[in-house]
Each structure stands twice: as C-alpha cells, then as structure tokens.
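Asks: Here it is: the structure, laid out below.
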Amino acid sequence: EMEVGAQQALRIPVGEHIVLFVATDAAVELEDGTFSSKLFLDDLPPYESFCDDFGPMNLASVYRFSAAVESILQDFEDGLVAICSHPDLHSLTNAVFLLGAYLIMMREMKVDDVDALFSSIHTHLLSYRDVSPGHQNFHLRLRDCWEGLFKAKQLEWINFAPDEFNLYDYETCDNPLNADLHEVVPGKFIAMRGPRTIHTGDKFEDSPQGMRSFSPAHYADILRQYDVQAV
C-alpha cells in the first residue's frame, strides 16, 4: 500500500498549538522532546469496515477525538500537541478527516479554511467508498464530509456543547447488535436497517456469520421512543 512520509516524518501545522505528525512509530519515538503531548489515533476506537471501506468515522468517533484534543490542550495551554498518524494513506485520510471535523465542531472554522490547511497533502488524501466490494463508482471526498458536518452544525442538528450530544444513546443505537439505527434529522427523520420476519417469534436472530437481524417488533419498540409516525 502506498505511504506518505514513510522515510521522513511529515509535519503539518493545524493552528497555533496543534500539528499533524505523520510518521512511523520509530520516527515518533525520536521526537519525544519536541511536543508537549502526543495523541495517537491508534488509541481511539478504530473504524469497523464491512468490506473495502475504511471510513469516514462516525459522530461518536468525532466526538471522542474532539474531547481528547480539548482535554490535552487544556493541560498544555502553551505547548505543542502532536496528532500522530501512520503514513499509510487510509490512516492519513482518517486523521485529516478527524482534525477537520474537530476544527469545524470545536473551533468554528469554515470548510474552505479547513481544506486550505491540508492543501500540501491533497494529492495523498483518498476518497471514501461504498461498503460494497468491486469497482468504486463514486467519490466521497473529505470536503464533502466536512461540508455535511458544517451544514448540520449550522442547522443545529448536531452540537458538541456540554450535555448536548448523548454519546451513550448514539453508540447504543449505532451498534449493529442493538439496532443499527440513527436519528439523521432530530425530530424528523430516522434511518435504520430494514427488519425481517423471524419465524421463531424472537425479536432478533443471529446468522452463522455473526450478522444480527431484527424483527419489526424490535424496531417498533424503539421507534415509539422517537415518536415516529410513518415508516
């Protein structure tokens, strides 16, 4: 797989106190005295791929990353914090996505300004793809993701202010073993996996491959909680 900065560490300033540091683990260790603190993206929950997909990260990942960066910056107000990414292009693309999402959600930056920060590595950033295997017939680029997030923030569909984003509820419904469901537009629109008839009468059934299917009754209980009127 192609890599960027595999032989020499790559540093990209992201604001006054943050730098994206793209390097191998060995190169990161050599920089111990350079940064006040380092956040390794490997320490965050990974993206769970279905097939050939590798992102983008969901809102829970963006929230956790943003909270981690904010916590470090509070502890090292005058220091330089490194966000460390491996040089493979999948890792780099996800690192840039998370940083851009953080800047939009927590630093009130506009998409054009975020995009400009990473102009030096635009050619190394991949587009996201559908989960289906085979030839990719569309390109979901980082800017597309950031623009969607920026618009959702403008419309107040998402808010990372204290007590505004319920991480537990989001991750519970997101989990494919619980519901695989998301409230896309608060109070208006929910997206979920389609239910199927389970002849045993149970509310869910697990396949030999580990996939869980849910009955209409299982989803009905959840949809009532959201006051859904039509399916």
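Please note that chains go A, B, ... in the order of the structure tokens, that every chain numbers its residues from 1, and that ligands are numbered from 1 in the order shown.
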Give me the residues of segment 133-182 of chain A that have any atom at most 9 Å from an atom of segment 57-78 of chain A; for each, the nearest atom pair and the distance in Å, rounded to one decimal. Use only C-alpha atoms, sort by chain and number, and format it as a Markdown table.
Replies:
```
| residue | atom | partner | partner_atom | distance |
| --- | --- | --- | --- | --- |
| A:Phe160 | CA | A:Tyr63 | CA | 7.0 |
| A:Phe165 | CA | A:Tyr63 | CA | 8.4 |
| A:Leu167 | CA | A:Ala60 | CA | 6.4 |
| A:Tyr170 | CA | A:Ala60 | CA | 7.1 |
| A:Glu171 | CA | A:Ala60 | CA | 6.8 |
```
Asks: Would you write out, as a tab-separated table, a table of all residues in segment 98-178 of chain A that have an atom no more than 10 Å from an atom of segment 213-228 of chain A, listing for each the closest atom pair and the distance in Å to one decimal, considering only C-alpha atoms and ordering rows by chain and rising residue number?
Replies:
```
residue	atom	partner	partner_atom	distance
A:Cys173	CA	A:Ile222	CA	9.2
A:Pro176	CA	A:Ser213	CA	8.8
A:Leu177	CA	A:Ser213	CA	8.5
A:Asn178	CA	A:Phe214	CA	8.8
```
Asks: If you run DSSP on the backbone, which residues of segment 13-87 of chain A are strand (DSSP E or B), as a VMD selection string?
Replies: chain A and resid 13 18 to 22 37 to 40 81 to 85
Asks: Using only C-alpha atoms, which of the listed residues (A:Ser91, A:Ser127, A:Gln154, A:Gln136) sits closest to Met109 of chain A?
Replies: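 Of A:Ser91, A:Ser127, A:Gln154, A:Gln136, the one nearest Met109 of chain A, counting only C-alpha atoms, is A:Gln154.
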Asks: Quick one: residues within 10 Å of Asp113 of chain A, only C-alpha atoms, excluding same-chain residues fewer than 3 positions away - as a list in words?
Replies: Gly100, Leu103, Ile104, Met109, Lys110, Ala116, Leu117 and Phe118 of chain A
Asks: DSSP on the backbone: which residues in chain A end up as helix (DSSP H, G or I)? Give the answer as a VMD selection string.
Replies: chain A and resid 25 to 29 41 to 43 59 to 75 89 to 107 111 to 117 119 to 124 142 to 154 167 to 174 216 to 225
Asks: Would you please work out which residue, of A:His199, A:Val111, A:Phe54, A:Thr123, is nearest to His90 of chain A when using only C-alpha atoms?
Replies: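 Using only C-alpha atoms, His90 of chain A sits closest to A:Phe54.
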Asks: How far is it from atom CA of Phe150 of chain A to atom CA of Met105 of chain A, in Å with one decimal?
Replies: 7.6 Å
Asks: I want to know what sits within 8 Å of segment 40-53 of chain A, based on only C-alpha atoms, with residues of the same chain fewer than 2 positions away left out; could you give that as a PyMOL selection string?
Replies: chain A and resi 38+55-57+61+64-65+83-85+95+128-133
Asks: May I have the residues from that selection written out with N, CA and C atoms, as a PDB file, in the first residue's frame?
Replies:
```pdb
ATOM      1  N   LYS A  38       1.374  13.994  22.898  1.00  0.00           N
ATOM      2  CA  LYS A  38       1.057  13.342  21.625  1.00  0.00           C
ATOM      3  C   LYS A  38      -0.244  12.554  21.787  1.00  0.00           C
ATOM      4  N   GLY A  55     -13.730   4.257   6.025  1.00  0.00           N
ATOM      5  CA  GLY A  55     -14.209   5.460   6.689  1.00  0.00           C
ATOM      6  C   GLY A  55     -15.409   5.996   5.925  1.00  0.00           C
ATOM      7  N   PRO A  56     -15.895   7.182   6.289  1.00  0.00           N
ATOM      8  CA  PRO A  56     -15.393   8.060   7.357  1.00  0.00           C
ATOM      9  C   PRO A  56     -15.831   7.607   8.748  1.00  0.00           C
ATOM     10  N   MET A  57     -15.163   8.139   9.743  1.00  0.00           N
ATOM     11  CA  MET A  57     -15.509   7.850  11.122  1.00  0.00           C
ATOM     12  C   MET A  57     -16.890   8.416  11.440  1.00  0.00           C
ATOM     13  N   SER A  61     -16.958   8.827  16.996  1.00  0.00           N
ATOM     14  CA  SER A  61     -15.507   8.939  16.864  1.00  0.00           C
ATOM     15  C   SER A  61     -15.072  10.393  16.801  1.00  0.00           C
ATOM     16  N   ARG A  64     -15.391  11.743  20.389  1.00  0.00           N
ATOM     17  CA  ARG A  64     -14.328  11.253  21.263  1.00  0.00           C
ATOM     18  C   ARG A  64     -12.990  11.911  20.926  1.00  0.00           C
ATOM     19  N   PHE A  65     -12.701  12.031  19.642  1.00  0.00           N
ATOM     20  CA  PHE A  65     -11.466  12.678  19.221  1.00  0.00           C
ATOM     21  C   PHE A  65     -11.448  14.136  19.665  1.00  0.00           C
ATOM     22  N   ILE A  83      -0.790  15.343  16.797  1.00  0.00           N
ATOM     23  CA  ILE A  83      -1.761  14.314  16.448  1.00  0.00           C
ATOM     24  C   ILE A  83      -1.025  13.347  15.526  1.00  0.00           C
ATOM     25  N   CYS A  84      -0.759  12.139  16.004  1.00  0.00           N
ATOM     26  CA  CYS A  84       0.137  11.217  15.314  1.00  0.00           C
ATOM     27  C   CYS A  84      -0.637  10.222  14.456  1.00  0.00           C
ATOM     28  N   SER A  85      -0.252  10.146  13.192  1.00  0.00           N
ATOM     29  CA  SER A  85      -0.876   9.229  12.241  1.00  0.00           C
ATOM     30  C   SER A  85       0.190   8.393  11.559  1.00  0.00           C
ATOM     31  N   ALA A  95      -7.106  10.578   9.681  1.00  0.00           N
ATOM     32  CA  ALA A  95      -6.562  11.572  10.610  1.00  0.00           C
ATOM     33  C   ALA A  95      -6.944  12.981  10.173  1.00  0.00           C
ATOM     34  N   TYR A 128     -13.547   8.371   0.136  1.00  0.00           N
ATOM     35  CA  TYR A 128     -14.230   7.248   0.751  1.00  0.00           C
ATOM     36  C   TYR A 128     -15.108   6.554  -0.288  1.00  0.00           C
ATOM     37  N   ARG A 129     -15.455   5.303   0.006  1.00  0.00           N
ATOM     38  CA  ARG A 129     -16.171   4.497  -0.962  1.00  0.00           C
ATOM     39  C   ARG A 129     -17.344   3.779  -0.302  1.00  0.00           C
ATOM     40  N   ASP A 130     -18.190   3.212  -1.146  1.00  0.00           N
ATOM     41  CA  ASP A 130     -19.293   2.392  -0.671  1.00  0.00           C
ATOM     42  C   ASP A 130     -18.744   1.122  -0.029  1.00  0.00           C
ATOM     43  N   VAL A 131     -19.549   0.526   0.847  1.00  0.00           N
ATOM     44  CA  VAL A 131     -19.096  -0.689   1.529  1.00  0.00           C
ATOM     45  C   VAL A 131     -19.071  -1.900   0.603  1.00  0.00           C
ATOM     46  N   SER A 132     -19.734  -1.822  -0.542  1.00  0.00           N
ATOM     47  CA  SER A 132     -19.798  -2.972  -1.446  1.00  0.00           C
ATOM     48  C   SER A 132     -18.436  -3.224  -2.082  1.00  0.00           C
ATOM     49  N   PRO A 133     -18.093  -4.490  -2.316  1.00  0.00           N
ATOM     50  CA  PRO A 133     -16.822  -4.798  -2.970  1.00  0.00           C
ATOM     51  C   PRO A 133     -16.865  -4.456  -4.452  1.00  0.00           C
TER      52      PRO A 133
END
```
Asks: So what do you get for atom CA of Ala152 of chain A versus atom CA of His122 of chain A, distance-wise?
Replies: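 Separating atom CA of Ala152 of chain A from atom CA of His122 of chain A is a distance of 24.2 Å.
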Asks: Measure the distance from atom CA of Asp180 of chain A to atom CA of Val96 of chain A in Å and round it to one decimal.
Replies: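 So the answer is 26.1 Å.
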Asks: Write out as a PyMOL selection string the residues lying within 6 Å of segment 17-21 of chain A, counting only C-alpha atoms and excluding same-chain residues fewer than 3 positions away.
Replies: chain A and resi 10-14+80-84
